[in-house]
>>> print(open('structure.cif').read())   # mmCIF, C-alpha atoms and all ligand atoms
data_work
loop_
_atom_site.group_PDB
_atom_site.id
_atom_site.type_symbol
_atom_site.label_atom_id
_atom_site.label_comp_id
_atom_site.auth_asym_id
_atom_site.auth_seq_id
_atom_site.Cartn_x
_atom_site.Cartn_y
_atom_site.Cartn_z
ATOM 1 C CA MET F 312 122.844 121.482 83.644
ATOM 2 C CA PRO F 313 123.110 123.247 87.007
ATOM 3 C CA LEU F 314 120.835 121.866 89.690
ATOM 4 C CA THR F 315 119.114 125.240 90.057
ATOM 5 C CA ASP F 316 118.101 125.136 86.379
ATOM 6 C CA ILE F 317 116.643 121.652 86.741
ATOM 7 C CA ARG F 318 114.728 122.719 89.820
ATOM 8 C CA ALA F 319 113.444 125.789 87.941
ATOM 9 C CA ARG F 320 112.228 123.563 85.109
ATOM 10 C CA ILE F 321 110.515 121.240 87.564
ATOM 11 C CA ASP F 322 108.794 124.195 89.211
ATOM 12 C CA ALA F 323 107.685 125.583 85.832
ATOM 13 C CA ALA F 324 106.370 122.189 84.707
ATOM 14 C CA ALA F 325 104.464 121.881 87.982
ATOM 15 C CA ARG F 326 102.872 125.313 87.642
ATOM 16 C CA ALA F 327 101.983 124.629 83.996
ATOM 17 C CA ALA F 328 100.135 121.533 85.213
ATOM 18 C CA GLY F 329 98.385 123.489 87.982
ATOM 19 C CA ARG F 330 100.432 121.689 90.628
ATOM 20 C CA ASP F 331 102.383 122.835 93.675
ATOM 21 C CA PRO F 332 106.140 122.582 92.915
ATOM 22 C CA ASP F 333 106.693 121.528 96.539
ATOM 23 C CA ASP F 334 104.829 118.307 95.774
ATOM 24 C CA ILE F 335 107.601 117.169 93.435
ATOM 25 C CA ALA F 336 110.766 115.660 94.860
ATOM 26 C CA LEU F 337 113.930 115.733 92.775
ATOM 27 C CA VAL F 338 115.817 112.469 93.244
ATOM 28 C CA ALA F 339 119.351 113.168 92.002
ATOM 29 C CA VAL F 340 120.491 109.850 90.554
ATOM 30 C CA SER F 341 124.154 109.529 91.524
ATOM 31 C CA LYS F 342 124.832 105.959 90.336
ATOM 32 C CA LYS F 343 128.213 105.546 88.618
ATOM 33 C CA GLN F 344 129.142 109.168 89.307
ATOM 34 C CA PRO F 345 132.445 110.179 90.836
ATOM 35 C CA GLU F 346 132.250 111.106 94.514
ATOM 36 C CA ALA F 347 133.595 114.600 93.839
ATOM 37 C CA ARG F 348 130.582 115.386 91.659
ATOM 38 C CA ILE F 349 128.191 114.062 94.277
ATOM 39 C CA ALA F 350 129.956 116.096 96.955
ATOM 40 C CA ALA F 351 129.536 119.211 94.808
ATOM 41 C CA VAL F 352 125.777 118.644 94.599
ATOM 42 C CA LEU F 353 125.655 118.089 98.369
ATOM 43 C CA GLU F 354 127.596 121.339 98.860
ATOM 44 C CA GLU F 355 124.933 123.099 96.775
ATOM 45 C CA GLY F 356 122.454 121.993 99.421
ATOM 46 C CA HIS F 357 120.725 119.098 97.668
ATOM 47 C CA ARG F 358 119.890 116.189 99.976
ATOM 48 C CA LEU F 359 117.835 113.589 98.066
ATOM 49 C CA PHE F 360 119.684 111.043 95.942
ATOM 50 C CA GLY F 361 118.971 107.834 94.070
ATOM 51 C CA GLU F 362 121.213 104.797 93.618
ATOM 52 C CA ASN F 363 120.498 101.653 91.647
ATOM 53 C CA ARG F 364 122.920 99.272 93.356
ATOM 54 C CA VAL F 365 123.072 98.374 97.033
ATOM 55 C CA GLN F 366 126.816 97.753 96.888
ATOM 56 C CA GLU F 367 127.691 101.090 95.342
ATOM 57 C CA ALA F 368 125.448 102.940 97.792
ATOM 58 C CA ALA F 369 127.001 101.098 100.747
ATOM 59 C CA GLY F 370 130.429 102.239 99.635
ATOM 60 C CA ARG F 371 129.756 105.941 99.627
ATOM 61 C CA TRP F 372 126.625 107.052 101.472
ATOM 62 C CA PRO F 373 127.583 106.206 105.071
ATOM 63 C CA GLY F 374 130.537 108.572 104.631
ATOM 64 C CA PHE F 375 128.478 111.340 103.024
ATOM 65 C CA ARG F 376 125.899 110.999 105.813
ATOM 66 C CA GLU F 377 128.630 111.747 108.344
ATOM 67 C CA ASP F 378 129.618 114.903 106.498
ATOM 68 C CA PHE F 379 126.161 116.232 105.578
ATOM 69 C CA ASP F 380 122.971 116.425 107.634
ATOM 70 C CA GLY F 381 119.584 115.383 106.339
ATOM 71 C CA VAL F 382 120.739 113.158 103.498
ATOM 72 C CA GLN F 383 118.140 110.791 102.039
ATOM 73 C CA VAL F 384 118.976 108.033 99.592
ATOM 74 C CA HIS F 385 116.424 106.053 97.607
ATOM 75 C CA LEU F 386 117.050 102.689 95.950
ATOM 76 C CA ILE F 387 115.746 102.864 92.370
ATOM 77 C CA GLY F 388 117.306 99.665 90.985
ATOM 78 C CA PRO F 389 116.415 95.971 91.363
ATOM 79 C CA LEU F 390 116.749 94.430 94.825
ATOM 80 C CA GLN F 391 117.764 90.830 95.477
ATOM 81 C CA THR F 392 116.192 89.328 98.580
ATOM 82 C CA ASN F 393 119.606 88.478 100.022
ATOM 83 C CA LYS F 394 120.433 92.213 100.032
ATOM 84 C CA ALA F 395 117.090 93.301 101.490
ATOM 85 C CA ARG F 396 118.377 93.672 105.056
ATOM 86 C CA GLN F 397 121.280 95.840 103.941
ATOM 87 C CA ALA F 398 118.977 97.888 101.697
ATOM 88 C CA MET F 399 116.591 98.544 104.587
ATOM 89 C CA GLU F 400 119.485 99.952 106.589
ATOM 90 C CA LEU F 401 120.858 102.090 103.748
ATOM 91 C CA PHE F 402 117.805 103.651 102.107
ATOM 92 C CA GLU F 403 114.914 105.878 103.170
ATOM 93 C CA ALA F 404 112.835 104.503 100.286
ATOM 94 C CA ILE F 405 112.861 101.556 97.880
ATOM 95 C CA HIS F 406 111.245 102.197 94.485
ATOM 96 C CA SER F 407 111.626 98.691 93.083
ATOM 97 C CA VAL F 408 109.374 96.311 95.006
ATOM 98 C CA ASP F 409 108.318 93.958 92.247
ATOM 99 C CA ARG F 410 107.576 90.452 93.490
ATOM 100 C CA PRO F 411 105.876 88.557 96.322
ATOM 101 C CA LYS F 412 109.064 86.953 97.620
ATOM 102 C CA LEU F 413 110.715 90.346 98.053
ATOM 103 C CA ALA F 414 107.581 91.771 99.684
ATOM 104 C CA ARG F 415 107.490 88.886 102.167
ATOM 105 C CA THR F 416 111.183 89.298 102.965
ATOM 106 C CA LEU F 417 110.769 93.031 103.561
ATOM 107 C CA ALA F 418 107.749 92.368 105.779
ATOM 108 C CA ARG F 419 109.648 89.818 107.848
ATOM 109 C CA LEU F 420 112.609 92.174 108.307
ATOM 110 C CA ALA F 421 110.289 95.080 109.121
ATOM 111 C CA ASP F 422 108.694 92.952 111.860
ATOM 112 C CA GLU F 423 112.076 91.999 113.195
ATOM 113 C CA THR F 424 113.623 95.495 113.189
ATOM 114 C CA GLY F 425 110.517 97.616 113.747
ATOM 115 C CA ALA F 426 111.398 99.849 110.777
ATOM 116 C CA CYS F 427 110.899 99.887 107.047
ATOM 117 C CA PRO F 428 111.719 102.379 104.287
ATOM 118 C CA ASP F 429 108.884 103.875 102.244
ATOM 119 C CA LEU F 430 108.066 101.461 99.439
ATOM 120 C CA PHE F 431 107.041 101.893 95.809
ATOM 121 C CA VAL F 432 105.827 99.027 93.655
ATOM 122 C CA GLN F 433 107.554 98.965 90.275
ATOM 123 C CA VAL F 434 105.191 98.382 87.359
ATOM 124 C CA ASN F 435 106.478 97.159 84.004
ATOM 125 C CA THR F 436 104.096 99.377 82.038
ATOM 126 C CA GLY F 437 105.677 98.435 78.697
ATOM 127 C CA GLU F 438 105.465 94.695 79.512
ATOM 128 C CA GLU F 439 109.100 94.358 78.441
ATOM 129 C CA PRO F 440 110.474 90.864 79.143
ATOM 130 C CA GLN F 441 113.905 92.132 80.199
ATOM 131 C CA LYS F 442 112.537 94.733 82.588
ATOM 132 C CA ALA F 443 111.684 94.392 86.269
ATOM 133 C CA GLY F 444 108.283 95.232 87.652
ATOM 134 C CA VAL F 445 104.881 93.634 87.984
ATOM 135 C CA LEU F 446 102.731 93.541 84.866
ATOM 136 C CA PRO F 447 99.959 96.160 84.783
ATOM 137 C CA ALA F 448 97.324 93.411 85.036
ATOM 138 C CA ASP F 449 98.944 92.101 88.225
ATOM 139 C CA ALA F 450 99.475 95.492 89.885
ATOM 140 C CA ASP F 451 96.223 95.727 91.876
ATOM 141 C CA GLY F 452 96.675 92.226 93.254
ATOM 142 C CA PHE F 453 100.272 92.849 94.225
ATOM 143 C CA VAL F 454 99.401 96.149 95.907
ATOM 144 C CA SER F 455 96.804 94.399 98.067
ATOM 145 C CA GLU F 456 99.275 91.641 98.835
ATOM 146 C CA CYS F 457 101.785 94.254 100.069
ATOM 147 C CA ARG F 458 99.086 95.943 102.130
ATOM 148 C CA GLY F 459 98.123 92.606 103.598
ATOM 149 C CA LEU F 460 101.709 92.301 104.791
ATOM 150 C CA ASP F 461 101.412 95.753 106.462
ATOM 151 C CA LEU F 462 104.187 97.173 104.290
ATOM 152 C CA PRO F 463 104.444 100.978 104.155
ATOM 153 C CA LEU F 464 103.486 101.310 100.511
ATOM 154 C CA VAL F 465 103.526 104.928 99.308
ATOM 155 C CA GLY F 466 103.371 104.724 95.539
ATOM 156 C CA LEU F 467 104.249 103.213 92.181
ATOM 157 C CA MET F 468 107.294 103.486 89.945
ATOM 158 C CA CYS F 469 107.867 102.865 86.242
ATOM 159 C CA ILE F 470 110.603 103.052 83.617
ATOM 160 C CA PRO F 471 108.928 103.393 80.209
ATOM 161 C CA PRO F 472 110.419 101.614 77.182
ATOM 162 C CA ALA F 473 113.407 103.536 75.829
ATOM 163 C CA ASP F 474 112.089 103.704 72.288
ATOM 164 C CA ALA F 475 108.493 104.770 72.867
ATOM 165 C CA PRO F 476 106.768 108.014 73.862
ATOM 166 C CA PRO F 477 106.655 107.955 77.664
ATOM 167 C CA ALA F 478 103.373 109.835 78.193
ATOM 168 C CA PRO F 479 101.015 106.828 77.836
ATOM 169 C CA HIS F 480 103.135 104.913 80.365
ATOM 170 C CA PHE F 481 103.037 107.778 82.855
ATOM 171 C CA ALA F 482 99.270 108.051 82.361
ATOM 172 C CA MET F 483 98.837 104.311 82.940
ATOM 173 C CA LEU F 484 100.914 104.412 86.130
ATOM 174 C CA ALA F 485 98.912 107.387 87.417
ATOM 175 C CA GLN F 486 95.676 105.524 86.735
ATOM 176 C CA ILE F 487 96.798 102.385 88.589
ATOM 177 C CA ALA F 488 97.958 104.528 91.536
ATOM 178 C CA ALA F 489 94.688 106.476 91.651
ATOM 179 C CA ARG F 490 92.454 103.403 91.701
ATOM 180 C CA ASN F 491 94.608 101.915 94.474
ATOM 181 C CA GLY F 492 94.661 105.099 96.555
ATOM 182 C CA LEU F 493 98.445 105.479 96.338
ATOM 183 C CA PRO F 494 99.750 109.074 96.476
ATOM 184 C CA GLY F 495 103.312 108.544 95.198
ATOM 185 C CA LEU F 496 104.360 108.406 91.534
ATOM 186 C CA SER F 497 108.054 107.817 90.863
ATOM 187 C CA MET F 498 108.412 108.520 87.156
ATOM 188 C CA GLY F 499 110.401 110.705 84.789
ATOM 189 C CA MET F 500 114.136 110.764 84.097
ATOM 190 C CA SER F 501 116.488 113.288 82.443
ATOM 191 C CA ALA F 502 114.764 113.133 79.055
ATOM 192 C CA ASP F 503 111.155 113.220 80.172
ATOM 193 C CA TYR F 504 110.726 114.540 83.718
ATOM 194 C CA GLU F 505 108.617 117.497 82.561
ATOM 195 C CA THR F 506 106.205 115.129 80.795
ATOM 196 C CA ALA F 507 106.088 112.985 83.935
ATOM 197 C CA ILE F 508 105.216 116.028 86.050
ATOM 198 C CA ALA F 509 102.351 116.853 83.677
ATOM 199 C CA HIS F 510 101.055 113.342 84.433
ATOM 200 C CA GLY F 511 101.355 113.638 88.192
ATOM 201 C CA ALA F 512 104.904 112.555 89.098
ATOM 202 C CA THR F 513 105.752 113.144 92.761
ATOM 203 C CA HIS F 514 109.346 111.854 92.454
ATOM 204 C CA VAL F 515 111.409 112.502 89.328
ATOM 205 C CA ARG F 516 114.657 110.534 89.046
ATOM 206 C CA VAL F 517 117.174 112.693 87.223
ATOM 207 C CA GLY F 518 120.759 111.554 86.709
ATOM 208 C CA SER F 519 122.725 112.588 83.653
ATOM 209 C CA ALA F 520 121.006 115.984 83.294
ATOM 210 C CA ILE F 521 122.421 116.917 86.713
ATOM 211 C CA PHE F 522 125.722 115.069 86.843
ATOM 212 C CA GLY F 523 126.656 114.618 83.201
ATOM 213 C CA ALA F 524 127.415 111.294 81.512
ATOM 214 C CA ARG F 525 128.063 108.333 83.801
ATOM 215 C CA GLU F 526 131.337 106.450 84.121
ATOM 216 C CA GLY F 527 131.483 102.961 82.679
HETATM 217 C C1 LIG Y 601 119.785 105.626 85.839
HETATM 218 C C2 LIG Y 601 118.372 105.743 86.227
HETATM 219 C C3 LIG Y 601 117.714 106.983 86.215
HETATM 220 C C4 LIG Y 601 118.347 108.272 85.754
HETATM 221 O O1 LIG Y 601 118.530 108.268 84.370
HETATM 222 P P1 LIG Y 601 118.997 109.595 83.586
HETATM 223 O O2 LIG Y 601 118.547 109.339 82.201
HETATM 224 O O3 LIG Y 601 120.472 109.663 83.729
HETATM 225 O O4 LIG Y 601 118.315 110.743 84.210
HETATM 226 C C5 LIG Y 601 116.380 107.024 86.636
HETATM 227 N N1 LIG Y 601 115.750 105.913 87.050
HETATM 228 C C6 LIG Y 601 116.346 104.716 87.089
HETATM 229 C C7 LIG Y 601 115.586 103.530 87.568
HETATM 230 C C8 LIG Y 601 117.674 104.586 86.677
HETATM 231 O O5 LIG Y 601 118.260 103.369 86.716
#
>>> encode(input="structure.cif", output="structure tokens")
Amino acid sequence: MPLTDIRARIDAAARAAGRDPDDIALVAVSKKQPEARIAAVLEEGHRLFGENRVQEAAGRWPGFREDFDGVQVHLIGPLQTNKARQAMELFEAIHSVDRPKLARTLARLADETGACPDLFVQVNTGEEPQKAGVLPADADGFVSECRGLDLPLVGLMCIPPADAPPAPHFAMLAQIAARNGLPGLSMGMSADYETAIAHGATHVRVGSAIFGAREG
């Protein structure tokens, strides 16, 4: 679907929910997409992208940043602590902070470098064993731990179970964010971003609907 159509749907979903469309950022998820397709979306004027692997992002975004002004790339996939330094250099935001060891590593590097991307805590709202994220019951404690480390925490992120209606998961994430005073909600993908917007999403992560099916 053309980017302009997606943006129009986002704007309509925002208005239907009584929200300002400008409060919703479209993160174009470019993981596993050919560079020519990404370049086409950049040519259209889009500047905010999401990647789920540090390595893949490191291979392509420094070059795109030379060719296009104002590019922002967010990490939406799991982050190993040994890649934290590289991730802090590559990304304007990290949506997948999900454990104390990673939080401590980010805090140490932030102290050392004097800079840190915006951070989202990932919550495993479906309590799925194979999925990253803190359990809902541990979210408040982990948020205060991150704040105690002076990390620039801006919001929460979730990936609902693939086989369940997403709305209750979006509602749960919004509730945890509200009681912790966090403004950001990274939720909603190609299949459910309009539902996520109805529940307060501030960042929707849309891949295949923009770029088509992924390679590999
Ligand atoms: C791949 C991915 C997306 C985008 O998924 P689509 O269904 O292609 O829109 C969003 N969020 C995360 C965390 C992803 O890994």
>>> axis_aligned_box(input="structure.cif", around="ligand LIG 601 (chain Y)", padding_each_side="5 Å", output="AutoDock Vina command-line options")
--center_x 118.0 --center_y 107.1 --center_z 84.9 --size_x 14.9 --size_y 17.4 --size_z 15.4
>>> residues_near_ligand(input="structure.cif", ligand="ligand LIG 601 (chain Y)", cutoff="6 Å", atoms="only C-alpha atoms and all ligand atoms", output="list in words")
Val340, Asn363, Ile387, Gly388, Met500, Ser501, Arg516, Val517, Gly518, Ser519 and Ala520 of chain F
>>> atom_distance(input="structure.cif", atom1="CA of Ala325 in chain F", atom2="CA of Leu446 in chain F")
28.6 Å
>>> residues_around(input="structure.cif", residues="Gly466 in chain F", least_positions_apart="5", cutoff="8 Å", atoms="all atoms listed in the file", output="JSON, numbers by chain")
{"F": [430, 431, 432, 488, 493, 494, 495, 496, 497]}
>>> residues_around(input="structure.cif", residues="Leu464 in chain F", least_positions_apart="4", cutoff="12 Å", atoms="all atoms listed in the file", output="number ranges by chain")
F: 404-408, 414, 417-418, 427-433, 453-460, 468, 488, 491-496
>>> closest_residue(input="structure.cif", among="F:Ile521, F:Val382, F:Pro373, F:Leu420", to="Arg396 in chain F", atoms="all atoms listed in the file")
F:Leu420
>>> closest_residue(input="structure.cif", among="F:Ile508, F:Met312, F:Gln383, F:Gly425", to="Asp333 in chain F", atoms="only C-alpha atoms")
F:Ile508
>>> atom_distance(input="structure.cif", atom1="CA of Ala475 in chain F", atom2="CA of Arg364 in chain F")
25.7 Å
>>> closest_residue(input="structure.cif", among="F:Asp409, F:Glu403, F:Asp334, F:Asp322", to="Ala443 in chain F", atoms="only C-alpha atoms")
F:Asp409
>>> atom_distance(input="structure.cif", atom1="CA of Arg371 in chain F", atom2="CA of Ala426 in chain F")
22.3 Å
>>> resolve_selection(input="structure.cif", expression="the PyMOL selection byres (((chain F and resi 361) around 8) and not hetatm)", output="PyMOL selection string")
chain F and resi 338-342+359-360+362-363+384-387+516
>>> write_last_selection(input="structure.cif", atoms="C-alpha atoms", output="PDB file, in the frame of the given file")
ATOM      1  CA  VAL F 338     115.817 112.469  93.244  1.00  0.00           C
ATOM      2  CA  ALA F 339     119.351 113.168  92.002  1.00  0.00           C
ATOM      3  CA  VAL F 340     120.491 109.850  90.554  1.00  0.00           C
ATOM      4  CA  SER F 341     124.154 109.529  91.524  1.00  0.00           C
ATOM      5  CA  LYS F 342     124.832 105.959  90.336  1.00  0.00           C
ATOM      6  CA  LEU F 359     117.835 113.589  98.066  1.00  0.00           C
ATOM      7  CA  PHE F 360     119.684 111.043  95.942  1.00  0.00           C
ATOM      8  CA  GLU F 362     121.213 104.797  93.618  1.00  0.00           C
ATOM      9  CA  ASN F 363     120.498 101.653  91.647  1.00  0.00           C
ATOM     10  CA  VAL F 384     118.976 108.033  99.592  1.00  0.00           C
ATOM     11  CA  HIS F 385     116.424 106.053  97.607  1.00  0.00           C
ATOM     12  CA  LEU F 386     117.050 102.689  95.950  1.00  0.00           C
ATOM     13  CA  ILE F 387     115.746 102.864  92.370  1.00  0.00           C
ATOM     14  CA  ARG F 516     114.657 110.534  89.046  1.00  0.00           C
TER      15      ARG F 516
END
>>> residues_near_point(input="structure.cif", point="(109.8, 124.2, 86.3)", cutoff="12 Å", atoms="all atoms listed in the file", output="count of residues only")
27
>>> residues_near_point(input="structure.cif", point="(127.4, 113.4, 91.4)", cutoff="8 Å", atoms="all atoms listed in the file", output="tab-separated table (two decimals) with C-alpha atoms, in the coordinates of the input")
chain	number	residue	atom	x	y	z
F	340	VAL	CA	120.49	109.85	90.55
F	341	SER	CA	124.15	109.53	91.52
F	342	LYS	CA	124.83	105.96	90.34
F	344	GLN	CA	129.14	109.17	89.31
F	345	PRO	CA	132.44	110.18	90.84
F	346	GLU	CA	132.25	111.11	94.51
F	347	ALA	CA	133.60	114.60	93.84
F	348	ARG	CA	130.58	115.39	91.66
F	349	ILE	CA	128.19	114.06	94.28
F	350	ALA	CA	129.96	116.10	96.96
F	351	ALA	CA	129.54	119.21	94.81
F	352	VAL	CA	125.78	118.64	94.60
F	521	ILE	CA	122.42	116.92	86.71
F	522	PHE	CA	125.72	115.07	86.84
>>> closest_residue(input="structure.cif", among="F:Asp461, F:Glu439, F:Asp503, F:Glu400", to="Ala369 in chain F", atoms="all atoms listed in the file")
F:Glu400
>>> closest_residue(input="structure.cif", among="F:Arg376, F:His480, F:Lys412, F:Arg490", to="Leu353 in chain F", atoms="all atoms listed in the file")
F:Arg376
>>> resolve_selection(input="structure.cif", expression="the PyMOL selection byres (((chain F and resi 472) around 10) and not hetatm)", output="tab-separated table (two decimals) with C-alpha atoms, keeping the file's coordinate frame")
chain	number	residue	atom	x	y	z
F	435	ASN	CA	106.48	97.16	84.00
F	436	THR	CA	104.10	99.38	82.04
F	437	GLY	CA	105.68	98.44	78.70
F	438	GLU	CA	105.46	94.70	79.51
F	439	GLU	CA	109.10	94.36	78.44
F	442	LYS	CA	112.54	94.73	82.59
F	469	CYS	CA	107.87	102.86	86.24
F	470	ILE	CA	110.60	103.05	83.62
F	471	PRO	CA	108.93	103.39	80.21
F	473	ALA	CA	113.41	103.54	75.83
F	474	ASP	CA	112.09	103.70	72.29
F	475	ALA	CA	108.49	104.77	72.87
F	476	PRO	CA	106.77	108.01	73.86
F	477	PRO	CA	106.66	107.96	77.66
F	480	HIS	CA	103.14	104.91	80.36
>>> build_atoms(input="structure.cif", residues="range 487-496 of chain F", atoms="all heavy atoms", output="PDB file, keeping the file's coordinate frame")
ATOM      1  N   ILE F 487      96.707 103.524  87.662  1.00  0.00           N
ATOM      2  CA  ILE F 487      96.798 102.385  88.589  1.00  0.00           C
ATOM      3  C   ILE F 487      96.939 102.905  90.020  1.00  0.00           C
ATOM      4  O   ILE F 487      96.323 102.394  90.955  1.00  0.00           O
ATOM      5  CB  ILE F 487      97.982 101.464  88.226  1.00  0.00           C
ATOM      6  CG1 ILE F 487      97.801 100.887  86.813  1.00  0.00           C
ATOM      7  CG2 ILE F 487      98.115 100.325  89.242  1.00  0.00           C
ATOM      8  CD1 ILE F 487      99.015 100.102  86.301  1.00  0.00           C
ATOM      9  N   ALA F 488      97.762 103.962  90.192  1.00  0.00           N
ATOM     10  CA  ALA F 488      97.958 104.528  91.536  1.00  0.00           C
ATOM     11  C   ALA F 488      96.644 105.095  92.070  1.00  0.00           C
ATOM     12  O   ALA F 488      96.285 104.862  93.230  1.00  0.00           O
ATOM     13  CB  ALA F 488      99.034 105.608  91.499  1.00  0.00           C
ATOM     14  N   ALA F 489      95.929 105.831  91.203  1.00  0.00           N
ATOM     15  CA  ALA F 489      94.688 106.476  91.651  1.00  0.00           C
ATOM     16  C   ALA F 489      93.663 105.436  92.099  1.00  0.00           C
ATOM     17  O   ALA F 489      93.059 105.568  93.163  1.00  0.00           O
ATOM     18  CB  ALA F 489      94.121 107.344  90.530  1.00  0.00           C
ATOM     19  N   ARG F 490      93.508 104.359  91.322  1.00  0.00           N
ATOM     20  CA  ARG F 490      92.454 103.403  91.701  1.00  0.00           C
ATOM     21  C   ARG F 490      92.846 102.576  92.919  1.00  0.00           C
ATOM     22  O   ARG F 490      92.014 101.931  93.533  1.00  0.00           O
ATOM     23  CB  ARG F 490      92.058 102.519  90.513  1.00  0.00           C
ATOM     24  CG  ARG F 490      93.079 101.513  90.087  1.00  0.00           C
ATOM     25  CD  ARG F 490      92.498 100.583  89.003  1.00  0.00           C
ATOM     26  NE  ARG F 490      93.472  99.601  88.612  1.00  0.00           N
ATOM     27  CZ  ARG F 490      94.012  99.492  87.403  1.00  0.00           C
ATOM     28  NH1 ARG F 490      93.632 100.307  86.434  1.00  0.00           N
ATOM     29  NH2 ARG F 490      94.897  98.566  87.139  1.00  0.00           N
ATOM     30  N   ASN F 491      94.158 102.618  93.271  1.00  0.00           N
ATOM     31  CA  ASN F 491      94.608 101.915  94.474  1.00  0.00           C
ATOM     32  C   ASN F 491      94.839 102.863  95.651  1.00  0.00           C
ATOM     33  O   ASN F 491      95.363 102.442  96.691  1.00  0.00           O
ATOM     34  CB  ASN F 491      95.885 101.130  94.172  1.00  0.00           C
ATOM     35  CG  ASN F 491      95.595  99.843  93.401  1.00  0.00           C
ATOM     36  OD1 ASN F 491      95.118  98.877  93.960  1.00  0.00           O
ATOM     37  ND2 ASN F 491      95.829  99.865  92.092  1.00  0.00           N
ATOM     38  N   GLY F 492      94.517 104.135  95.464  1.00  0.00           N
ATOM     39  CA  GLY F 492      94.661 105.099  96.555  1.00  0.00           C
ATOM     40  C   GLY F 492      96.102 105.328  96.978  1.00  0.00           C
ATOM     41  O   GLY F 492      96.377 105.568  98.147  1.00  0.00           O
ATOM     42  N   LEU F 493      97.029 105.266  96.025  1.00  0.00           N
ATOM     43  CA  LEU F 493      98.445 105.479  96.338  1.00  0.00           C
ATOM     44  C   LEU F 493      98.860 106.887  95.897  1.00  0.00           C
ATOM     45  O   LEU F 493      98.705 107.251  94.734  1.00  0.00           O
ATOM     46  CB  LEU F 493      99.305 104.435  95.617  1.00  0.00           C
ATOM     47  CG  LEU F 493      99.222 103.021  96.177  1.00  0.00           C
ATOM     48  CD1 LEU F 493      99.856 102.028  95.203  1.00  0.00           C
ATOM     49  CD2 LEU F 493      99.920 102.954  97.534  1.00  0.00           C
ATOM     50  N   PRO F 494      99.415 107.685  96.815  1.00  0.00           N
ATOM     51  CA  PRO F 494      99.750 109.074  96.476  1.00  0.00           C
ATOM     52  C   PRO F 494     101.041 109.260  95.674  1.00  0.00           C
ATOM     53  O   PRO F 494     101.193 110.246  94.963  1.00  0.00           O
ATOM     54  CB  PRO F 494      99.885 109.746  97.845  1.00  0.00           C
ATOM     55  CG  PRO F 494     100.249 108.636  98.787  1.00  0.00           C
ATOM     56  CD  PRO F 494      99.579 107.401  98.258  1.00  0.00           C
ATOM     57  N   GLY F 495     101.988 108.324  95.777  1.00  0.00           N
ATOM     58  CA  GLY F 495     103.312 108.544  95.198  1.00  0.00           C
ATOM     59  C   GLY F 495     103.420 108.048  93.760  1.00  0.00           C
ATOM     60  O   GLY F 495     102.930 106.968  93.417  1.00  0.00           O
ATOM     61  N   LEU F 496     104.089 108.829  92.915  1.00  0.00           N
ATOM     62  CA  LEU F 496     104.360 108.406  91.534  1.00  0.00           C
ATOM     63  C   LEU F 496     105.815 108.710  91.211  1.00  0.00           C
ATOM     64  O   LEU F 496     106.174 109.870  90.976  1.00  0.00           O
ATOM     65  CB  LEU F 496     103.452 109.146  90.562  1.00  0.00           C
ATOM     66  CG  LEU F 496     102.015 108.663  90.421  1.00  0.00           C
ATOM     67  CD1 LEU F 496     101.214 109.646  89.563  1.00  0.00           C
ATOM     68  CD2 LEU F 496     101.969 107.259  89.811  1.00  0.00           C
TER      69      LEU F 496
END
